[in-house]
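Colleague: Dropping in structure_5.tsv, with TSV, C-alpha atoms.
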```tsv
chain	number	residue	atom	x	y	z
A	4	MET	CA	44.73	34.01	-6.13
A	5	PRO	CA	48.50	33.44	-5.71
A	6	ILE	CA	49.04	33.54	-9.50
A	7	ILE	CA	49.84	37.11	-10.50
A	8	VAL	CA	49.44	38.23	-14.11
A	9	ASN	CA	52.11	40.72	-15.07
A	10	LEU	CA	50.70	41.44	-18.49
A	11	ASP	CA	50.56	45.20	-17.91
A	12	VAL	CA	54.28	45.23	-17.04
A	13	MET	CA	55.21	43.43	-20.25
A	14	MET	CA	52.88	45.64	-22.28
A	15	ALA	CA	54.52	48.73	-20.81
A	16	ARG	CA	57.97	47.36	-21.62
A	17	ARG	CA	56.96	46.69	-25.20
A	18	LYS	CA	55.01	49.98	-25.35
A	19	MET	CA	51.94	48.20	-26.58
A	20	SER	CA	48.32	49.15	-25.89
A	21	LEU	CA	45.64	46.71	-24.78
A	22	SER	CA	43.66	47.05	-27.99
A	23	GLU	CA	46.78	46.55	-30.12
A	24	LEU	CA	47.71	43.41	-28.20
A	25	ALA	CA	44.13	42.09	-28.41
A	26	GLU	CA	44.15	42.60	-32.13
A	27	LYS	CA	47.52	40.92	-32.62
A	28	VAL	CA	46.71	37.98	-30.33
A	29	GLY	CA	43.28	37.57	-31.84
A	30	ILE	CA	41.15	37.72	-28.71
A	31	THR	CA	38.55	40.24	-27.64
A	32	LEU	CA	39.43	43.31	-25.65
A	33	SER	CA	37.16	42.23	-22.82
A	34	ASN	CA	38.86	38.84	-22.57
A	35	LEU	CA	42.29	40.47	-22.50
A	36	SER	CA	41.03	42.86	-19.85
A	37	ILE	CA	39.83	39.88	-17.77
A	38	LEU	CA	43.32	38.40	-18.03
A	39	LYS	CA	45.06	41.70	-17.23
A	40	THR	CA	42.97	42.40	-14.14
A	41	GLY	CA	43.54	38.90	-12.79
A	42	LYS	CA	39.88	37.90	-12.98
A	43	ALA	CA	40.55	35.01	-15.36
A	44	LYS	CA	40.11	31.51	-14.01
A	45	ALA	CA	42.11	29.80	-16.74
A	46	ILE	CA	44.23	30.59	-19.76
A	47	ARG	CA	44.51	28.44	-22.86
A	48	PHE	CA	47.97	27.35	-23.98
A	49	SER	CA	47.16	28.69	-27.44
A	50	THR	CA	46.39	32.16	-26.00
A	51	LEU	CA	49.53	32.11	-23.85
A	52	GLU	CA	51.60	31.03	-26.83
A	53	LYS	CA	50.24	33.87	-28.95
A	54	ILE	CA	50.77	36.47	-26.21
A	55	CYS	CA	54.37	35.30	-25.72
A	56	GLU	CA	54.91	35.44	-29.44
A	57	VAL	CA	53.52	38.96	-29.80
A	58	LEU	CA	55.27	40.34	-26.68
A	59	ASP	CA	58.44	38.35	-27.40
A	60	CYS	CA	58.69	36.98	-23.90
A	61	GLN	CA	58.48	33.79	-21.84
A	62	PRO	CA	55.34	32.61	-19.97
A	63	ALA	CA	57.16	33.26	-16.69
A	64	ASP	CA	57.43	36.94	-17.66
A	65	ILE	CA	53.63	37.13	-17.68
A	66	LEU	CA	52.66	34.70	-14.93
A	67	GLU	CA	54.13	34.70	-11.47
A	68	TYR	CA	53.43	32.59	-8.40
A	69	ARG	CA	53.40	34.53	-5.13
A	70	ASP	CA	52.72	32.72	-1.85
A	71	GLU	CA	49.94	34.45	0.06
B	13	MET	CA	7.83	19.28	-31.26
B	14	LYS	CA	10.20	22.21	-31.17
B	15	PRO	CA	11.67	23.03	-27.74
B	16	LYS	CA	10.83	26.71	-28.19
B	17	LEU	CA	7.17	25.85	-28.77
B	18	VAL	CA	7.03	23.58	-25.73
B	19	TYR	CA	8.74	26.28	-23.65
B	20	SER	CA	6.27	28.95	-24.76
B	21	PHE	CA	3.32	26.61	-24.16
B	22	LEU	CA	4.50	25.77	-20.64
B	23	LYS	CA	5.13	29.45	-19.93
B	24	VAL	CA	1.54	30.32	-20.85
B	25	MET	CA	0.09	27.32	-19.00
B	26	VAL	CA	1.94	28.15	-15.79
B	27	SER	CA	0.66	31.74	-15.95
B	28	VAL	CA	-2.91	30.56	-16.56
B	29	VAL	CA	-2.84	28.08	-13.66
B	30	PHE	CA	-1.20	30.71	-11.43
B	31	TYR	CA	-3.98	33.25	-12.02
B	32	LEU	CA	-6.62	30.52	-11.75
B	33	LEU	CA	-5.29	29.51	-8.35
B	34	ILE	CA	-5.26	33.13	-7.22
B	35	ALA	CA	-8.89	33.45	-8.33
B	36	ILE	CA	-9.83	30.25	-6.47
B	37	ALA	CA	-8.03	31.47	-3.35
B	38	GLY	CA	-9.81	34.83	-3.62
B	39	VAL	CA	-13.25	33.23	-3.98
B	40	PHE	CA	-12.52	30.82	-1.15
B	41	LEU	CA	-11.41	33.63	1.13
B	42	PHE	CA	-14.44	35.73	0.21
B	43	VAL	CA	-16.89	32.89	0.90
B	44	SER	CA	-15.11	32.05	4.15
B	45	LEU	CA	-15.25	35.66	5.33
B	46	LEU	CA	-18.95	35.82	4.49
B	47	THR	CA	-19.51	32.69	6.53
B	48	PHE	CA	-17.56	33.94	9.51
B	49	SER	CA	-19.14	37.38	9.44
B	50	GLY	CA	-22.48	35.63	9.89
B	51	LYS	CA	-24.20	37.11	6.88
B	52	GLN	CA	-27.48	35.37	6.22
B	53	ASP	CA	-27.43	35.84	2.45
B	54	LEU	CA	-25.36	32.76	1.93
B	55	LYS	CA	-27.98	30.63	3.63
B	56	ARG	CA	-30.52	31.49	1.00
B	57	TYR	CA	-28.50	29.65	-1.60
B	58	GLN	CA	-27.42	26.76	0.54
B	59	HIS	CA	-29.29	24.46	2.84
B	60	HIS	CA	-26.65	24.66	5.54
B	61	ASP	CA	-23.49	26.57	6.34
B	62	PRO	CA	-20.45	25.77	4.21
B	63	VAL	CA	-18.57	22.87	5.67
B	64	TYR	CA	-15.13	21.44	5.13
B	65	THR	CA	-15.16	17.88	3.93
B	66	TYR	CA	-12.52	15.23	4.41
B	67	GLU	CA	-12.23	11.64	3.30
B	68	VAL	CA	-11.73	9.43	6.32
B	69	GLN	CA	-11.39	5.74	6.87
B	70	SER	CA	-12.61	3.63	9.76
B	71	PHE	CA	-9.96	1.49	11.37
B	72	GLY	CA	-11.83	0.46	14.47
B	73	PRO	CA	-13.62	-2.84	15.10
B	74	GLY	CA	-17.12	-3.01	13.72
B	75	PRO	CA	-19.18	-4.45	10.92
B	76	ALA	CA	-17.81	-1.97	8.38
B	77	SER	CA	-14.23	-3.19	8.56
B	78	THR	CA	-15.02	-6.88	8.53
B	79	SER	CA	-17.64	-7.20	5.77
B	80	TYR	CA	-15.61	-8.39	2.80
B	81	THR	CA	-16.96	-9.20	-0.63
B	82	TYR	CA	-14.97	-11.83	-2.48
B	83	SER	CA	-14.34	-12.27	-6.20
B	84	PRO	CA	-15.61	-15.56	-7.76
B	85	ASP	CA	-12.12	-17.07	-7.66
B	86	SER	CA	-11.56	-15.70	-4.13
B	87	LEU	CA	-8.30	-14.15	-5.20
B	88	MET	CA	-9.52	-10.63	-4.63
B	89	ARG	CA	-11.74	-9.06	-2.03
B	90	TYR	CA	-12.99	-5.65	-1.14
B	91	HIS	CA	-14.87	-4.12	1.69
B	92	GLY	CA	-17.13	-1.15	1.53
B	93	ASN	CA	-18.41	1.34	4.05
B	94	SER	CA	-15.07	1.77	5.73
B	95	ARG	CA	-14.61	5.07	3.96
B	96	PHE	CA	-16.64	8.07	5.01
B	97	THR	CA	-16.94	11.71	4.15
B	98	LEU	CA	-16.39	13.76	7.25
B	99	GLU	CA	-18.00	17.20	7.32
B	100	VAL	CA	-16.67	19.84	9.67
B	101	GLU	CA	-18.78	22.84	10.63
B	102	SER	CA	-16.97	26.00	9.61
B	103	ARG	CA	-17.60	27.82	12.89
B	104	SER	CA	-16.01	25.19	15.08
B	105	ALA	CA	-12.42	24.78	16.26
B	106	ALA	CA	-11.82	22.16	13.57
B	107	GLY	CA	-13.52	24.46	11.05
B	108	TYR	CA	-11.25	27.39	11.90
B	109	TYR	CA	-8.28	25.08	11.69
B	110	SER	CA	-9.52	23.77	8.33
B	111	LEU	CA	-9.77	27.31	6.99
B	112	ILE	CA	-6.21	28.08	8.06
B	113	GLY	CA	-5.07	24.76	6.62
B	114	VAL	CA	-6.69	25.38	3.26
B	115	LEU	CA	-5.26	28.91	3.17
B	116	ILE	CA	-1.77	27.60	3.94
B	117	PHE	CA	-2.07	24.97	1.19
B	118	LEU	CA	-3.34	27.58	-1.27
B	119	GLY	CA	-0.52	29.92	-0.23
B	120	ILE	CA	2.10	27.23	-0.80
B	121	GLY	CA	0.50	26.40	-4.17
B	122	ILE	CA	0.54	30.06	-5.22
B	123	CYS	CA	4.17	30.42	-4.10
B	124	ILE	CA	5.16	27.31	-6.09
B	125	LEU	CA	3.43	28.57	-9.23
B	126	TRP	CA	4.83	32.07	-8.76
B	127	ASN	CA	8.35	30.62	-8.60
B	128	PHE	CA	7.65	28.53	-11.71
B	129	ARG	CA	6.39	31.63	-13.47
B	130	GLN	CA	9.49	33.61	-12.50
B	131	ILE	CA	11.73	30.80	-13.73
B	132	PHE	CA	10.02	30.87	-17.12
B	133	ARG	CA	10.35	34.65	-17.19
B	134	GLU	CA	14.00	34.83	-16.20
B	135	ALA	CA	15.36	31.83	-18.08
B	136	SER	CA	15.47	31.47	-21.82
B	137	LEU	CA	16.60	28.74	-24.18
B	138	GLU	CA	19.41	31.02	-25.43
B	139	HIS	CA	20.71	31.72	-21.89
B	140	PRO	CA	19.43	28.90	-19.70
B	141	PHE	CA	21.93	29.15	-16.85
B	142	ARG	CA	21.19	31.97	-14.45
B	143	ARG	CA	21.90	32.29	-10.75
B	144	SER	CA	18.39	33.56	-10.02
B	145	VAL	CA	16.88	30.42	-11.58
B	146	SER	CA	19.08	28.21	-9.42
B	147	ARG	CA	17.91	30.13	-6.34
B	148	ARG	CA	14.28	29.70	-7.38
B	149	LEU	CA	14.75	25.99	-7.97
B	150	ARG	CA	16.04	25.62	-4.42
B	151	MET	CA	13.08	27.64	-3.19
B	152	LEU	CA	10.73	25.34	-5.13
B	153	ALA	CA	12.33	22.27	-3.59
B	154	ALA	CA	11.90	23.76	-0.12
B	155	LEU	CA	8.26	24.61	-0.84
B	156	PHE	CA	7.47	21.09	-2.05
B	157	ILE	CA	9.06	19.61	1.06
B	158	ALA	CA	7.28	22.17	3.28
B	159	SER	CA	3.93	21.31	1.71
B	160	ASP	CA	4.47	17.65	2.52
B	161	LEU	CA	5.56	18.43	6.06
B	162	PHE	CA	2.46	20.53	6.52
B	163	ASN	CA	0.39	17.71	5.06
B	164	LEU	CA	1.84	15.39	7.69
B	165	LEU	CA	1.14	17.91	10.46
B	166	ASN	CA	-2.38	18.37	9.10
B	167	TYR	CA	-2.89	14.60	9.24
B	168	PHE	CA	-1.99	14.39	12.94
B	169	LEU	CA	-3.88	17.55	13.94
B	170	LEU	CA	-7.07	16.59	12.12
B	171	ASN	CA	-6.92	13.08	13.51
B	172	SER	CA	-6.71	14.53	17.00
B	173	PHE	CA	-9.73	16.77	16.25
B	174	ILE	CA	-11.64	13.73	14.94
B	175	LYS	CA	-10.63	11.64	17.96
B	176	GLN	CA	-11.90	14.35	20.32
B	177	SER	CA	-15.30	14.57	18.63
B	178	ILE	CA	-15.91	11.03	17.36
B	179	ALA	CA	-14.67	8.34	19.70
B	180	SER	CA	-16.09	5.41	17.76
B	181	PRO	CA	-15.63	4.28	15.03
B	182	HIS	CA	-11.94	5.05	15.01
B	183	LEU	CA	-11.69	7.38	12.02
B	184	LYS	CA	-8.48	8.47	10.39
B	185	LEU	CA	-7.92	11.00	7.64
B	186	ILE	CA	-7.01	9.59	4.23
B	187	THR	CA	-4.04	11.52	3.01
B	188	LYS	CA	-1.07	11.02	0.74
B	189	VAL	CA	2.25	11.91	2.28
B	190	GLY	CA	5.58	11.58	0.51
B	191	ASP	CA	4.87	12.87	-2.98
B	192	GLY	CA	5.88	16.44	-2.16
B	193	PHE	CA	9.00	15.24	-0.39
B	194	ILE	CA	10.09	13.15	-3.40
B	195	ILE	CA	9.32	15.99	-5.85
B	196	GLY	CA	11.20	18.41	-3.59
B	197	LEU	CA	14.17	16.09	-3.46
B	198	VAL	CA	14.21	15.68	-7.25
B	199	VAL	CA	13.96	19.46	-7.75
B	200	TRP	CA	16.78	19.93	-5.22
B	201	ILE	CA	19.00	17.52	-7.18
B	202	ILE	CA	18.14	19.38	-10.40
B	203	ALA	CA	19.03	22.66	-8.64
B	204	VAL	CA	22.42	21.25	-7.59
B	205	VAL	CA	23.17	20.02	-11.13
B	206	TYR	CA	21.95	23.35	-12.52
B	207	GLN	CA	24.28	25.18	-10.11
B	208	ARG	CA	27.19	23.10	-11.46
B	209	GLY	CA	26.14	24.16	-14.96
B	210	ILE	CA	26.28	27.81	-13.90
B	211	ASP	CA	29.74	27.31	-12.38
B	212	LEU	CA	30.98	25.66	-15.59
B	213	GLN	CA	29.49	28.46	-17.69
B	214	GLU	CA	31.21	31.09	-15.54
B	215	GLU	CA	34.48	29.19	-15.68
B	216	ASN	CA	34.19	29.00	-19.45
B	217	ALA	CA	33.46	32.72	-19.65
B	218	LEU	CA	36.53	33.48	-17.54
B	219	THR	CA	38.82	31.26	-19.60
B	220	VAL	CA	40.89	33.41	-21.92
```
Since I need it in another form, could you write the structure as structure tokens?
Modeller:
Amino acid sequence: MPIIVNLDVMMARRKMSLSELAEKVGITLSNLSILKTGKAKAIRFSTLEKICEVLDCQPADILEYRDE
Amino acid sequence: MKPKLVYSFLKVMVSVVFYLLIAIAGVFLFVSLLTFSGKQDLKRYQHHDPVYTYEVQSFGPGPASTSYTYSPDSLMRYHGNSRFTLEVESRSAAGYYSLIGVLIFLGIGICILWNFRQIFREASLEHPFRRSVSRRLRMLAALFIASDLFNLLNYFLLNSFIKQSIASPHLKLITKVGDGFIIGLVVWIIAVVYQRGIDLQEENALTV
């Protein structure tokens, strides 16, 4: 998929673990793992909003379009 | 009636019919083998060798096809004697073919019931959408269509056997073709819709 999820990069910058982020965002660890590994087919605006809020970043910092 | 109860009832019924059909197929095969092996024991219980029977209809010219009986108001009529029961000797070419035909029909029936049984085993009301069930539904559709195609082939082959042996009256096998095809088509449509359900379920599961 040409949409790349840079969640791990942002997490590393904020020095936050996956479980900590999952807890703060309010989604399960497995769902966050699906998002991080790029297996997700869709992301809810509410989830994206919460992630941006917790990581203090913009959606573009997490999602990136790369032409294949 | 609760869906769970209906589901459990159907599950049991399918299993019962499946094993019943296997038993019938087993008995049929056993009796057929006894007949072909030429054992004389069977003759003690029967007046003649087991024969295959078919319902046939006369389409040729003759008194049978023209003798109509009318209702008092002449709005309805019927004619008798145009239908016959054709008996085929088991140790003839048509008899061998009949045996193979019956075995193929029984085989298709067992396969259909086995697939039904597996669907009931694999699916559940809590998790109804499974890829294996979709695959089995497609298989079921193919089997229903195959059974009808074989029925059609059987119709032409048996008619040719009848034509070779009985020139007059012109007899033709009475058979119903089309039911299996329609059922197969309906099951195929259900399988396609079911597949869409699986896709939606997966999409939902992968939506974060």
Colleague: Would you list the contacts of Glu52 of chain A as a list in words, taking every protein, DNA or RNA residue within 9 Å and counting only C-alpha atoms, but skipping same-chain residues closer than 5 positions in sequence?
Modeller: Arg47, Val57, Gln61 and Pro62 of chain A
Colleague: Compile the residues of chain B that lie within 9 Å of chain A, evaluated using all atoms listed in the file, and express the compilation as JSON, numbers by chain.
Modeller: {"B": [215, 216, 217, 218, 219, 220]}
Colleague: Mind pulling up the distance from atom CA of Glu134 of chain B to atom CA of Ile120 of chain B?
Modeller: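 The value is 20.9 Å.
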Colleague: What separation in Å, quoted to one decimal, exists between atom CA of Ser20 of chain B and atom CA of Val199 of chain B?
Modeller: 20.9 Å
Colleague: If you take only C-alpha atoms and a cut-off of 10 Å, which residues of segment 20-60 of chain A touch segment 10-14 of chain A, and what are their nearest atom pairs and distances in Å to one decimal, in chain and number order, as a Markdown table?
Modeller:
```
| residue | atom | partner | partner_atom | distance |
| --- | --- | --- | --- | --- |
| A:Ser20 | CA | A:Met14 | CA | 6.8 |
| A:Leu21 | CA | A:Met14 | CA | 7.7 |
| A:Glu23 | CA | A:Met14 | CA | 10.0 |
| A:Leu24 | CA | A:Met14 | CA | 8.2 |
| A:Leu35 | CA | A:Leu10 | CA | 9.4 |
| A:Ser36 | CA | A:Leu10 | CA | 9.9 |
| A:Leu38 | CA | A:Leu10 | CA | 8.0 |
| A:Lys39 | CA | A:Leu10 | CA | 5.8 |
| A:Thr40 | CA | A:Leu10 | CA | 8.9 |
| A:Gly41 | CA | A:Leu10 | CA | 9.5 |
| A:Ile54 | CA | A:Leu10 | CA | 9.2 |
| A:Cys55 | CA | A:Met13 | CA | 9.8 |
| A:Leu58 | CA | A:Met13 | CA | 7.1 |
| A:Asp59 | CA | A:Met13 | CA | 9.3 |
| A:Cys60 | CA | A:Met13 | CA | 8.2 |
```
Colleague: Starting from the incomplete input, reconstruct N, CA, C and O atoms of segment 125-142 of chain B and write that as a PDB file, keeping the file's coordinate frame.
Modeller:
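Printed below is result-v1.pdb as written:
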```
ATOM      1  N   LEU B 125       3.717  28.139  -7.848  1.00  0.00           N
ATOM      2  CA  LEU B 125       3.430  28.570  -9.230  1.00  0.00           C
ATOM      3  C   LEU B 125       4.097  29.903  -9.552  1.00  0.00           C
ATOM      4  O   LEU B 125       4.546  30.126 -10.679  1.00  0.00           O
ATOM      5  N   TRP B 126       4.177  30.766  -8.545  1.00  0.00           N
ATOM      6  CA  TRP B 126       4.830  32.070  -8.760  1.00  0.00           C
ATOM      7  C   TRP B 126       6.318  31.861  -9.093  1.00  0.00           C
ATOM      8  O   TRP B 126       6.873  32.493  -9.993  1.00  0.00           O
ATOM      9  N   ASN B 127       6.936  30.929  -8.336  1.00  0.00           N
ATOM     10  CA  ASN B 127       8.350  30.620  -8.600  1.00  0.00           C
ATOM     11  C   ASN B 127       8.530  30.016  -9.990  1.00  0.00           C
ATOM     12  O   ASN B 127       9.472  30.362 -10.700  1.00  0.00           O
ATOM     13  N   PHE B 128       7.610  29.125 -10.367  1.00  0.00           N
ATOM     14  CA  PHE B 128       7.650  28.530 -11.710  1.00  0.00           C
ATOM     15  C   PHE B 128       7.564  29.627 -12.772  1.00  0.00           C
ATOM     16  O   PHE B 128       8.294  29.634 -13.755  1.00  0.00           O
ATOM     17  N   ARG B 129       6.639  30.536 -12.518  1.00  0.00           N
ATOM     18  CA  ARG B 129       6.390  31.630 -13.470  1.00  0.00           C
ATOM     19  C   ARG B 129       7.648  32.506 -13.617  1.00  0.00           C
ATOM     20  O   ARG B 129       8.041  32.876 -14.725  1.00  0.00           O
ATOM     21  N   GLN B 130       8.272  32.793 -12.468  1.00  0.00           N
ATOM     22  CA  GLN B 130       9.490  33.610 -12.500  1.00  0.00           C
ATOM     23  C   GLN B 130      10.617  32.892 -13.225  1.00  0.00           C
ATOM     24  O   GLN B 130      11.381  33.514 -13.950  1.00  0.00           O
ATOM     25  N   ILE B 131      10.691  31.578 -13.038  1.00  0.00           N
ATOM     26  CA  ILE B 131      11.730  30.800 -13.730  1.00  0.00           C
ATOM     27  C   ILE B 131      11.540  30.915 -15.241  1.00  0.00           C
ATOM     28  O   ILE B 131      12.488  31.173 -15.982  1.00  0.00           O
ATOM     29  N   PHE B 132      10.296  30.765 -15.671  1.00  0.00           N
ATOM     30  CA  PHE B 132      10.020  30.870 -17.120  1.00  0.00           C
ATOM     31  C   PHE B 132      10.283  32.282 -17.631  1.00  0.00           C
ATOM     32  O   PHE B 132      10.621  32.468 -18.794  1.00  0.00           O
ATOM     33  N   ARG B 133      10.104  33.273 -16.770  1.00  0.00           N
ATOM     34  CA  ARG B 133      10.350  34.650 -17.190  1.00  0.00           C
ATOM     35  C   ARG B 133      11.838  34.952 -17.279  1.00  0.00           C
ATOM     36  O   ARG B 133      12.290  35.633 -18.195  1.00  0.00           O
ATOM     37  N   GLU B 134      12.582  34.479 -16.288  1.00  0.00           N
ATOM     38  CA  GLU B 134      14.000  34.830 -16.200  1.00  0.00           C
ATOM     39  C   GLU B 134      14.883  33.988 -17.124  1.00  0.00           C
ATOM     40  O   GLU B 134      15.847  34.487 -17.676  1.00  0.00           O
ATOM     41  N   ALA B 135      14.530  32.705 -17.247  1.00  0.00           N
ATOM     42  CA  ALA B 135      15.360  31.830 -18.080  1.00  0.00           C
ATOM     43  C   ALA B 135      14.912  31.912 -19.537  1.00  0.00           C
ATOM     44  O   ALA B 135      13.786  32.307 -19.834  1.00  0.00           O
ATOM     45  N   SER B 136      15.813  31.556 -20.404  1.00  0.00           N
ATOM     46  CA  SER B 136      15.470  31.470 -21.820  1.00  0.00           C
ATOM     47  C   SER B 136      16.294  30.343 -22.433  1.00  0.00           C
ATOM     48  O   SER B 136      17.302  29.920 -21.846  1.00  0.00           O
ATOM     49  N   LEU B 137      15.872  29.852 -23.564  1.00  0.00           N
ATOM     50  CA  LEU B 137      16.600  28.740 -24.180  1.00  0.00           C
ATOM     51  C   LEU B 137      17.982  29.194 -24.663  1.00  0.00           C
ATOM     52  O   LEU B 137      18.907  28.391 -24.743  1.00  0.00           O
ATOM     53  N   GLU B 138      18.107  30.496 -24.968  1.00  0.00           N
ATOM     54  CA  GLU B 138      19.410  31.020 -25.430  1.00  0.00           C
ATOM     55  C   GLU B 138      20.385  31.119 -24.259  1.00  0.00           C
ATOM     56  O   GLU B 138      21.565  30.828 -24.380  1.00  0.00           O
ATOM     57  N   HIS B 139      19.874  31.587 -23.099  1.00  0.00           N
ATOM     58  CA  HIS B 139      20.710  31.720 -21.890  1.00  0.00           C
ATOM     59  C   HIS B 139      20.044  30.986 -20.738  1.00  0.00           C
ATOM     60  O   HIS B 139      19.396  31.604 -19.891  1.00  0.00           O
ATOM     61  N   PRO B 140      20.172  29.664 -20.717  1.00  0.00           N
ATOM     62  CA  PRO B 140      19.430  28.900 -19.700  1.00  0.00           C
ATOM     63  C   PRO B 140      20.014  28.972 -18.282  1.00  0.00           C
ATOM     64  O   PRO B 140      19.286  28.815 -17.323  1.00  0.00           O
ATOM     65  N   PHE B 141      21.313  29.200 -18.179  1.00  0.00           N
ATOM     66  CA  PHE B 141      21.930  29.150 -16.850  1.00  0.00           C
ATOM     67  C   PHE B 141      22.018  30.533 -16.206  1.00  0.00           C
ATOM     68  O   PHE B 141      22.802  31.374 -16.635  1.00  0.00           O
ATOM     69  N   ARG B 142      21.201  30.710 -15.193  1.00  0.00           N
ATOM     70  CA  ARG B 142      21.190  31.970 -14.450  1.00  0.00           C
ATOM     71  C   ARG B 142      21.165  31.666 -12.956  1.00  0.00           C
ATOM     72  O   ARG B 142      20.498  30.704 -12.537  1.00  0.00           O
TER      73      ARG B 142
END
```
